[in-house]
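upload-v5.cif follows; it contains mmCIF, C-alpha atoms.
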```cif
data_data
#
loop_
_atom_site.group_PDB
_atom_site.id
_atom_site.type_symbol
_atom_site.label_atom_id
_atom_site.label_comp_id
_atom_site.auth_asym_id
_atom_site.auth_seq_id
_atom_site.Cartn_x
_atom_site.Cartn_y
_atom_site.Cartn_z
ATOM 1 C CA MET K 1 -15.637 -165.741 -55.024
ATOM 2 C CA ASP K 2 -12.755 -167.104 -52.968
ATOM 3 C CA SER K 3 -12.163 -166.489 -49.266
ATOM 4 C CA ALA K 4 -8.884 -167.019 -47.516
ATOM 5 C CA LEU K 5 -8.563 -167.056 -43.719
ATOM 6 C CA SER K 6 -5.229 -166.388 -42.136
ATOM 7 C CA ASP K 7 -3.785 -165.858 -38.673
ATOM 8 C CA ALA K 8 -1.708 -162.937 -39.921
ATOM 9 C CA SER K 9 -3.464 -159.643 -39.185
ATOM 10 C CA ASP K 10 -2.256 -158.048 -42.410
ATOM 11 C CA SER K 11 -3.469 -160.889 -44.642
ATOM 12 C CA PRO K 12 -6.747 -160.523 -46.556
ATOM 13 C CA VAL K 13 -9.803 -162.227 -45.110
ATOM 14 C CA LEU K 14 -11.727 -162.013 -48.376
ATOM 15 C CA ALA K 15 -10.241 -162.167 -51.865
ATOM 16 C CA LEU K 16 -12.191 -161.482 -55.053
ATOM 17 C CA LYS K 17 -10.840 -163.189 -58.159
ATOM 18 C CA ILE K 18 -11.137 -161.370 -61.488
ATOM 19 C CA LEU K 19 -9.965 -162.572 -64.876
ATOM 20 C CA VAL K 20 -8.605 -160.320 -67.614
ATOM 21 C CA ALA K 21 -9.100 -161.986 -70.995
ATOM 22 C CA GLY K 22 -9.112 -161.184 -74.688
ATOM 23 C CA GLY K 23 -7.218 -161.777 -77.889
ATOM 24 C CA PHE K 24 -3.497 -161.866 -78.537
ATOM 25 C CA GLY K 25 -1.790 -158.483 -78.018
ATOM 26 C CA VAL K 26 -4.911 -156.706 -76.773
ATOM 27 C CA GLY K 27 -3.315 -155.327 -73.579
ATOM 28 C CA LYS K 28 -4.077 -157.858 -70.836
ATOM 29 C CA THR K 29 -0.571 -157.814 -69.363
ATOM 30 C CA THR K 30 -0.538 -154.020 -69.569
ATOM 31 C CA LEU K 31 -3.862 -153.682 -67.716
ATOM 32 C CA VAL K 32 -2.865 -156.045 -64.902
ATOM 33 C CA GLY K 33 0.461 -154.266 -64.516
ATOM 34 C CA SER K 34 -1.047 -150.775 -64.497
ATOM 35 C CA VAL K 35 -3.552 -151.420 -61.699
ATOM 36 C CA SER K 36 -1.634 -153.893 -59.519
ATOM 37 C CA GLU K 37 -0.214 -152.529 -56.279
ATOM 38 C CA ILE K 38 2.458 -155.230 -56.286
ATOM 39 C CA ARG K 39 4.979 -156.015 -58.956
ATOM 40 C CA PRO K 40 2.883 -158.275 -61.203
ATOM 41 C CA LEU K 41 3.843 -161.869 -61.798
ATOM 42 C CA ARG K 42 4.306 -162.367 -65.529
ATOM 43 C CA THR K 43 4.931 -165.521 -67.538
ATOM 44 C CA GLU K 44 6.064 -163.901 -70.762
ATOM 45 C CA GLU K 45 8.348 -165.452 -73.331
ATOM 46 C CA GLN K 46 9.945 -163.987 -76.429
ATOM 47 C CA LEU K 47 8.099 -164.558 -79.679
ATOM 48 C CA THR K 48 10.173 -166.736 -81.984
ATOM 49 C CA ALA K 49 10.138 -167.273 -85.721
ATOM 50 C CA VAL K 50 8.346 -170.582 -85.115
ATOM 51 C CA GLY K 51 5.694 -168.922 -82.936
ATOM 52 C CA ARG K 52 5.119 -166.181 -85.482
ATOM 53 C CA GLY K 53 4.180 -168.909 -87.924
ATOM 54 C CA VAL K 54 1.466 -170.111 -85.516
ATOM 55 C CA ASP K 55 0.182 -166.910 -83.923
ATOM 56 C CA ASP K 56 -1.729 -164.264 -85.863
ATOM 57 C CA ILE K 57 0.142 -161.027 -85.168
ATOM 58 C CA GLY K 58 -1.703 -158.960 -87.745
ATOM 59 C CA GLY K 59 -2.145 -155.478 -86.307
ATOM 60 C CA VAL K 60 0.350 -156.105 -83.475
ATOM 61 C CA GLU K 61 3.489 -156.746 -85.498
ATOM 62 C CA GLN K 62 5.569 -154.773 -82.980
ATOM 63 C CA LYS K 63 4.775 -157.248 -80.183
ATOM 64 C CA THR K 64 7.898 -159.183 -79.101
ATOM 65 C CA THR K 65 6.654 -161.228 -76.111
ATOM 66 C CA THR K 66 3.643 -163.357 -75.265
ATOM 67 C CA THR K 67 2.009 -164.642 -72.069
ATOM 68 C CA VAL K 68 2.300 -168.434 -71.877
ATOM 69 C CA ALA K 69 0.489 -169.116 -68.580
ATOM 70 C CA MET K 70 -0.949 -166.090 -66.809
ATOM 71 C CA ASP K 71 -0.344 -162.638 -65.374
ATOM 72 C CA PHE K 72 -1.079 -162.025 -61.705
ATOM 73 C CA GLY K 73 -1.644 -158.820 -59.769
ATOM 74 C CA ARG K 74 -3.311 -157.647 -56.560
ATOM 75 C CA ILE K 75 -5.273 -154.627 -55.387
ATOM 76 C CA THR K 76 -6.203 -153.993 -51.744
ATOM 77 C CA ILE K 77 -9.658 -152.416 -51.562
ATOM 78 C CA ARG K 78 -9.631 -152.025 -47.797
ATOM 79 C CA GLU K 79 -8.347 -153.932 -44.810
ATOM 80 C CA GLY K 80 -9.605 -157.484 -45.146
ATOM 81 C CA LEU K 81 -10.642 -157.188 -48.816
ATOM 82 C CA SER K 82 -8.371 -157.664 -51.821
ATOM 83 C CA VAL K 83 -8.828 -158.244 -55.536
ATOM 84 C CA TYR K 84 -6.640 -160.812 -57.267
ATOM 85 C CA LEU K 85 -6.227 -160.297 -61.011
ATOM 86 C CA PHE K 86 -5.430 -163.145 -63.373
ATOM 87 C CA GLY K 87 -4.577 -162.304 -66.965
ATOM 88 C CA THR K 88 -5.246 -165.192 -69.337
ATOM 89 C CA PRO K 89 -3.020 -166.157 -72.277
ATOM 90 C CA GLY K 90 -4.360 -164.894 -75.586
ATOM 91 C CA GLN K 91 -3.352 -167.572 -78.085
ATOM 92 C CA ASP K 92 -5.725 -170.463 -78.692
ATOM 93 C CA ARG K 93 -2.994 -173.052 -78.047
ATOM 94 C CA PHE K 94 -3.002 -171.946 -74.365
ATOM 95 C CA TRP K 95 -6.776 -171.875 -73.875
ATOM 96 C CA PHE K 96 -6.687 -175.166 -71.961
ATOM 97 C CA LEU K 97 -5.516 -173.045 -69.004
ATOM 98 C CA TRP K 98 -8.670 -170.941 -68.972
ATOM 99 C CA ASP K 99 -10.858 -173.488 -67.168
ATOM 100 C CA GLU K 100 -8.411 -173.678 -64.267
ATOM 101 C CA LEU K 101 -8.029 -169.906 -64.071
ATOM 102 C CA ALA K 102 -11.814 -169.396 -64.163
ATOM 103 C CA GLN K 103 -12.470 -171.532 -61.070
ATOM 104 C CA GLY K 104 -13.986 -169.305 -58.367
ATOM 105 C CA ALA K 105 -13.880 -166.105 -60.431
ATOM 106 C CA LEU K 106 -16.279 -163.318 -59.497
ATOM 107 C CA GLY K 107 -16.219 -162.053 -63.066
ATOM 108 C CA ALA K 108 -14.047 -161.114 -66.017
ATOM 109 C CA VAL K 109 -12.892 -158.201 -68.124
ATOM 110 C CA VAL K 110 -12.771 -158.931 -71.853
ATOM 111 C CA LEU K 111 -10.362 -156.495 -73.471
ATOM 112 C CA ALA K 112 -11.122 -155.583 -77.071
ATOM 113 C CA ASP K 113 -9.165 -153.998 -79.904
ATOM 114 C CA THR K 114 -11.478 -152.569 -82.584
ATOM 115 C CA ARG K 115 -8.850 -153.373 -85.243
ATOM 116 C CA ARG K 116 -9.207 -157.090 -84.375
ATOM 117 C CA LEU K 117 -12.656 -157.242 -82.817
ATOM 118 C CA THR K 118 -13.288 -160.855 -83.832
ATOM 119 C CA ASP K 119 -10.474 -161.895 -81.465
ATOM 120 C CA CYS K 120 -12.950 -161.211 -78.628
ATOM 121 C CA PHE K 121 -15.419 -163.886 -79.640
ATOM 122 C CA PRO K 122 -13.682 -166.853 -77.952
ATOM 123 C CA ALA K 123 -13.508 -165.005 -74.607
ATOM 124 C CA VAL K 124 -17.099 -163.764 -74.863
ATOM 125 C CA ASP K 125 -18.317 -167.290 -75.689
ATOM 126 C CA PHE K 126 -16.252 -168.796 -72.858
ATOM 127 C CA PHE K 127 -17.764 -166.581 -70.163
ATOM 128 C CA GLU K 128 -21.301 -166.635 -71.567
ATOM 129 C CA HIS K 129 -21.383 -170.448 -71.658
ATOM 130 C CA ARG K 130 -20.099 -170.690 -68.074
ATOM 131 C CA GLY K 131 -22.391 -167.996 -66.700
ATOM 132 C CA ILE K 132 -19.474 -165.846 -65.537
ATOM 133 C CA PRO K 133 -20.381 -162.128 -65.478
ATOM 134 C CA PHE K 134 -18.135 -159.992 -67.663
ATOM 135 C CA VAL K 135 -17.700 -156.528 -69.113
ATOM 136 C CA VAL K 136 -16.099 -155.626 -72.429
ATOM 137 C CA ALA K 137 -13.430 -152.912 -72.241
ATOM 138 C CA VAL K 138 -12.348 -151.424 -75.570
ATOM 139 C CA ASN K 139 -8.654 -150.621 -75.251
ATOM 140 C CA ARG K 140 -7.639 -147.461 -77.123
ATOM 141 C CA PHE K 141 -4.872 -147.969 -79.685
ATOM 142 C CA ALA K 142 -3.301 -145.275 -81.831
ATOM 143 C CA GLY K 143 -4.755 -145.320 -85.306
ATOM 144 C CA ALA K 144 -7.749 -147.464 -84.346
ATOM 145 C CA ARG K 145 -11.156 -146.234 -85.387
ATOM 146 C CA ASP K 146 -13.419 -145.139 -82.538
ATOM 147 C CA PHE K 147 -16.751 -146.887 -82.158
ATOM 148 C CA ARG K 148 -19.563 -146.143 -79.747
ATOM 149 C CA PRO K 149 -20.048 -148.758 -76.978
ATOM 150 C CA GLU K 150 -23.442 -149.692 -78.408
ATOM 151 C CA GLU K 151 -21.823 -150.383 -81.801
ATOM 152 C CA VAL K 152 -19.279 -152.717 -80.172
ATOM 153 C CA SER K 153 -22.052 -154.424 -78.226
ATOM 154 C CA GLN K 154 -24.009 -155.017 -81.421
ATOM 155 C CA ALA K 155 -20.947 -156.273 -83.318
ATOM 156 C CA LEU K 156 -20.191 -158.787 -80.554
ATOM 157 C CA ASP K 157 -23.890 -159.751 -80.224
ATOM 158 C CA LEU K 158 -23.787 -159.096 -76.470
ATOM 159 C CA ASP K 159 -26.679 -159.333 -74.076
ATOM 160 C CA GLY K 160 -28.096 -155.858 -73.552
ATOM 161 C CA ASP K 161 -27.124 -155.893 -69.875
ATOM 162 C CA THR K 162 -23.427 -156.537 -70.556
ATOM 163 C CA PRO K 163 -21.510 -153.266 -70.025
ATOM 164 C CA VAL K 164 -19.158 -152.017 -72.753
ATOM 165 C CA LEU K 165 -16.609 -149.402 -71.754
ATOM 166 C CA VAL K 166 -13.723 -147.562 -73.389
ATOM 167 C CA CYS K 167 -10.402 -147.613 -71.554
ATOM 168 C CA ASP K 168 -6.674 -147.043 -71.798
ATOM 169 C CA ALA K 169 -5.002 -150.141 -70.328
ATOM 170 C CA ARG K 170 -1.843 -148.138 -69.662
ATOM 171 C CA GLN K 171 -3.612 -145.770 -67.263
ATOM 172 C CA ARG K 172 -4.185 -146.922 -63.685
ATOM 173 C CA ALA K 173 -7.286 -144.766 -63.182
ATOM 174 C CA SER K 174 -8.857 -146.046 -66.402
ATOM 175 C CA GLY K 175 -8.157 -149.660 -65.476
ATOM 176 C CA LYS K 176 -9.648 -149.187 -62.019
ATOM 177 C CA GLU K 177 -12.830 -147.744 -63.529
ATOM 178 C CA VAL K 178 -13.173 -150.904 -65.600
ATOM 179 C CA LEU K 179 -12.728 -153.105 -62.522
ATOM 180 C CA VAL K 180 -15.272 -151.095 -60.522
ATOM 181 C CA SER K 181 -17.786 -151.470 -63.374
ATOM 182 C CA LEU K 182 -17.170 -155.214 -63.438
ATOM 183 C CA VAL K 183 -17.642 -155.642 -59.685
ATOM 184 C CA GLU K 184 -20.878 -153.631 -59.805
ATOM 185 C CA HIS K 185 -22.144 -155.649 -62.786
ATOM 186 C CA ALA K 186 -21.185 -158.978 -61.177
ATOM 187 C CA GLY K 187 -22.958 -157.909 -57.983
ATOM 188 C CA ARG K 188 -26.164 -157.240 -59.902
ATOM 189 C CA VAL K 189 -25.938 -160.552 -61.771
ATOM 190 C CA HIS K 190 -25.313 -162.609 -58.632
ATOM 191 C CA ALA K 191 -28.070 -160.789 -56.704
ATOM 192 C CA ALA K 192 -30.556 -161.468 -59.525
ATOM 193 C CA ARG K 193 -29.606 -165.158 -59.510
ATOM 194 C CA LEU K 194 -30.107 -165.396 -55.749
ATOM 195 C CA LEU K 195 -33.535 -163.769 -56.050
ATOM 196 C CA ALA K 196 -34.471 -166.144 -58.858
ATOM 197 C CA ARG K 197 -33.510 -169.168 -56.751
ATOM 198 C CA ALA K 198 -35.461 -167.854 -53.768
ATOM 199 C CA ALA K 199 -38.613 -167.224 -55.796
ATOM 200 C CA PRO K 200 -41.390 -169.819 -55.282
#
```

Represent the structure contained in this file as structure tokens.
Amino acid sequence: MDSALSDASDSPVLALKILVAGGFGVGKTTLVGSVSEIRPLRTEEQLTAVGRGVDDIGGVEQKTTTTVAMDFGRITIREGLSVYLFGTPGQDRFWFLWDELAQGALGAVVLADTRRLTDCFPAVDFFEHRGIPFVVAVNRFAGARDFRPEEVSQALDLDGDTPVLVCDARQRASGKEVLVSLVEHAGRVHAARLLARAAP
């Protein structure tokens, strides 16, 4: 959790940092853009013939751009409280950026595509090993088979307390529901850790 003090009355006093992660083409840029109240910062580049030889675009053949650093968006919850969203790059050759982006994060959303569910494993492992609370949000894609949240949880071998939700990354209301679920889950995780430390 990051805090930023400023003399400007309209600047946030407290900023919560949330990561949006997941595999290549899963909808991270779309989610950040749909919920951000500002025009999101994007670091997208056109996919080239060389890149297509490196990146697995199976199931997302129509994708023409890729995030090479991060996406950034902001939501104001109330005066003095904002949420900063950082979308991570999906390809493994850019994963070296994840450690920097994860510094000070309250939690993370791991977007999932049931057509390429194994693409979630690196993000799930990353946050589990660093103790960063996260939720899994299954992004709806046309033609993708629907699975119950408990089936996705079992397939990803998630801890029973890790929420799994279904969302449409294109819809602002759906994206906000995912973020609310994450903040609530992260609050429970951090409170439990504080209680554990305080216990004799």

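Interatomic distance, CA of Leu117 in chain K to CA of Gly175 in chain K: 19.5 Å.
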
Atom pair CA of Arg130 in chain K + CA of Val20 in chain K, distance 15.5 Å

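Using all atoms listed in the file, the shortest contact distance between Val26 in chain K and any of K:Gly160, K:Gly80, K:Pro89, K:Gly73 is found at K:Pro89.
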
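Closest to Glu177 in chain K among K:Ala191, K:Leu31, K:Val13, K:Ala198 is K:Leu31, based on only C-alpha atoms.
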
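Among the candidates K:Glu184, K:Asn139, K:Thr114, K:Leu97, the one nearest to Glu151 in chain K when counting only C-alpha atoms is K:Thr114.
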
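Note that CA of Ala108 in chain K and CA of Ala196 in chain K are 22.2 Å apart.
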
Residues picked by the PyMOL selection byres ((chain K and resi 116) around 10) here, as a ChimeraX atom specification?
/K:23-26,58-60,112-115,117-120,144

List the residues matched by the PyMOL selection byres ((chain K and resi 189) around 12) in the displayed structure as a CSV table (one decimal) with C-alpha atoms, keeping the file's coordinate frame, ordered by chain and then by residue number.
```csv
chain,number,residue,atom,x,y,z
K,106,LEU,CA,-16.3,-163.3,-59.5
K,107,GLY,CA,-16.2,-162.1,-63.1
K,131,GLY,CA,-22.4,-168.0,-66.7
K,132,ILE,CA,-19.5,-165.8,-65.5
K,133,PRO,CA,-20.4,-162.1,-65.5
K,134,PHE,CA,-18.1,-160.0,-67.7
K,135,VAL,CA,-17.7,-156.5,-69.1
K,161,ASP,CA,-27.1,-155.9,-69.9
K,162,THR,CA,-23.4,-156.5,-70.6
K,163,PRO,CA,-21.5,-153.3,-70.0
K,182,LEU,CA,-17.2,-155.2,-63.4
K,183,VAL,CA,-17.6,-155.6,-59.7
K,184,GLU,CA,-20.9,-153.6,-59.8
K,185,HIS,CA,-22.1,-155.6,-62.8
K,186,ALA,CA,-21.2,-159.0,-61.2
K,187,GLY,CA,-23.0,-157.9,-58.0
K,188,ARG,CA,-26.2,-157.2,-59.9
K,190,HIS,CA,-25.3,-162.6,-58.6
K,191,ALA,CA,-28.1,-160.8,-56.7
K,192,ALA,CA,-30.6,-161.5,-59.5
K,193,ARG,CA,-29.6,-165.2,-59.5
K,194,LEU,CA,-30.1,-165.4,-55.7
K,195,LEU,CA,-33.5,-163.8,-56.0
K,196,ALA,CA,-34.5,-166.1,-58.9
```

Nearest residue to Ala105 in chain K from the set K:Pro149, K:Gly27, K:Pro122, K:Gly87 (distances using only C-alpha atoms):
K:Gly87

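Using only C-alpha atoms, the shortest contact distance between Gly104 in chain K and any of K:Ala169, K:Tyr84, K:Leu156, K:Pro200 is found at K:Tyr84.
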
For range 114-119 of chain K, take all atoms listed in the file, fit an axis-aligned box around them, add 5 Å to each of the six sides, then output centre and edge lengths in Å rounded to one decimal, as lines of an AutoDock Vina configuration file.
```
center_x = -11.1
center_y = -157.2
center_z = -83.4
size_x = 14.4
size_y = 19.3
size_z = 13.8
```

Selection under test: the PyMOL selection byres ((chain K and resi 86) around 8); residues as a list in words:
Lys17, Ile18, Leu19, Val20, Val32, Met70, Asp71, Phe72, Gly73, Tyr84, Leu85, Gly87, Thr88 and Leu101 of chain K

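Of the listed residues K:Val178, K:Val109, K:Ile77, K:Leu16, the one whose atoms come nearest to Glu37 in chain K is K:Ile77, with distances taken using all atoms listed in the file.
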
Where atoms are missing, can you supply N, CA and C atoms for range 139-159 of chain K and output the lot as a tab-separated table (two decimals), in the coordinates of the input?
```tsv
chain	number	residue	atom	x	y	z
K	139	ASN	N	-9.94	-151.25	-75.52
K	139	ASN	CA	-8.65	-150.62	-75.25
K	139	ASN	C	-8.30	-149.68	-76.41
K	140	ARG	N	-7.96	-148.45	-76.09
K	140	ARG	CA	-7.64	-147.46	-77.12
K	140	ARG	C	-6.25	-147.73	-77.69
K	141	PHE	N	-6.16	-147.83	-79.00
K	141	PHE	CA	-4.87	-147.97	-79.68
K	141	PHE	C	-4.75	-146.85	-80.70
K	142	ALA	N	-3.54	-146.34	-80.85
K	142	ALA	CA	-3.30	-145.28	-81.83
K	142	ALA	C	-3.64	-145.77	-83.23
K	143	GLY	N	-4.39	-144.97	-83.95
K	143	GLY	CA	-4.76	-145.32	-85.31
K	143	GLY	C	-6.00	-146.17	-85.42
K	144	ALA	N	-6.53	-146.65	-84.30
K	144	ALA	CA	-7.75	-147.46	-84.35
K	144	ALA	C	-8.97	-146.57	-84.46
K	145	ARG	N	-9.93	-147.00	-85.23
K	145	ARG	CA	-11.16	-146.23	-85.39
K	145	ARG	C	-11.98	-146.31	-84.11
K	146	ASP	N	-12.57	-145.17	-83.72
K	146	ASP	CA	-13.42	-145.14	-82.54
K	146	ASP	C	-14.83	-145.59	-82.88
K	147	PHE	N	-15.37	-146.44	-82.02
K	147	PHE	CA	-16.75	-146.89	-82.16
K	147	PHE	C	-17.49	-146.62	-80.85
K	148	ARG	N	-18.75	-146.32	-80.94
K	148	ARG	CA	-19.56	-146.14	-79.75
K	148	ARG	C	-19.74	-147.49	-79.04
K	149	PRO	N	-19.86	-147.50	-77.71
K	149	PRO	CA	-20.05	-148.76	-76.98
K	149	PRO	C	-21.21	-149.60	-77.51
K	150	GLU	N	-22.29	-148.94	-77.91
K	150	GLU	CA	-23.44	-149.69	-78.41
K	150	GLU	C	-23.12	-150.37	-79.75
K	151	GLU	N	-22.24	-149.76	-80.54
K	151	GLU	CA	-21.82	-150.38	-81.80
K	151	GLU	C	-20.99	-151.63	-81.54
K	152	VAL	N	-20.09	-151.55	-80.54
K	152	VAL	CA	-19.28	-152.72	-80.17
K	152	VAL	C	-20.17	-153.82	-79.62
K	153	SER	N	-21.13	-153.45	-78.79
K	153	SER	CA	-22.05	-154.42	-78.23
K	153	SER	C	-22.81	-155.15	-79.32
K	154	GLN	N	-23.27	-154.41	-80.31
K	154	GLN	CA	-24.01	-155.02	-81.42
K	154	GLN	C	-23.11	-155.92	-82.25
K	155	ALA	N	-21.87	-155.48	-82.51
K	155	ALA	CA	-20.95	-156.27	-83.32
K	155	ALA	C	-20.59	-157.59	-82.65
K	156	LEU	N	-20.53	-157.57	-81.30
K	156	LEU	CA	-20.19	-158.79	-80.55
K	156	LEU	C	-21.43	-159.58	-80.16
K	157	ASP	N	-22.63	-159.08	-80.52
K	157	ASP	CA	-23.89	-159.75	-80.22
K	157	ASP	C	-24.02	-160.01	-78.72
K	158	LEU	N	-23.74	-158.96	-77.92
K	158	LEU	CA	-23.79	-159.10	-76.47
K	158	LEU	C	-25.21	-158.96	-75.94
K	159	ASP	N	-25.44	-159.56	-74.80
K	159	ASP	CA	-26.68	-159.33	-74.08
K	159	ASP	C	-26.75	-157.85	-73.74
```
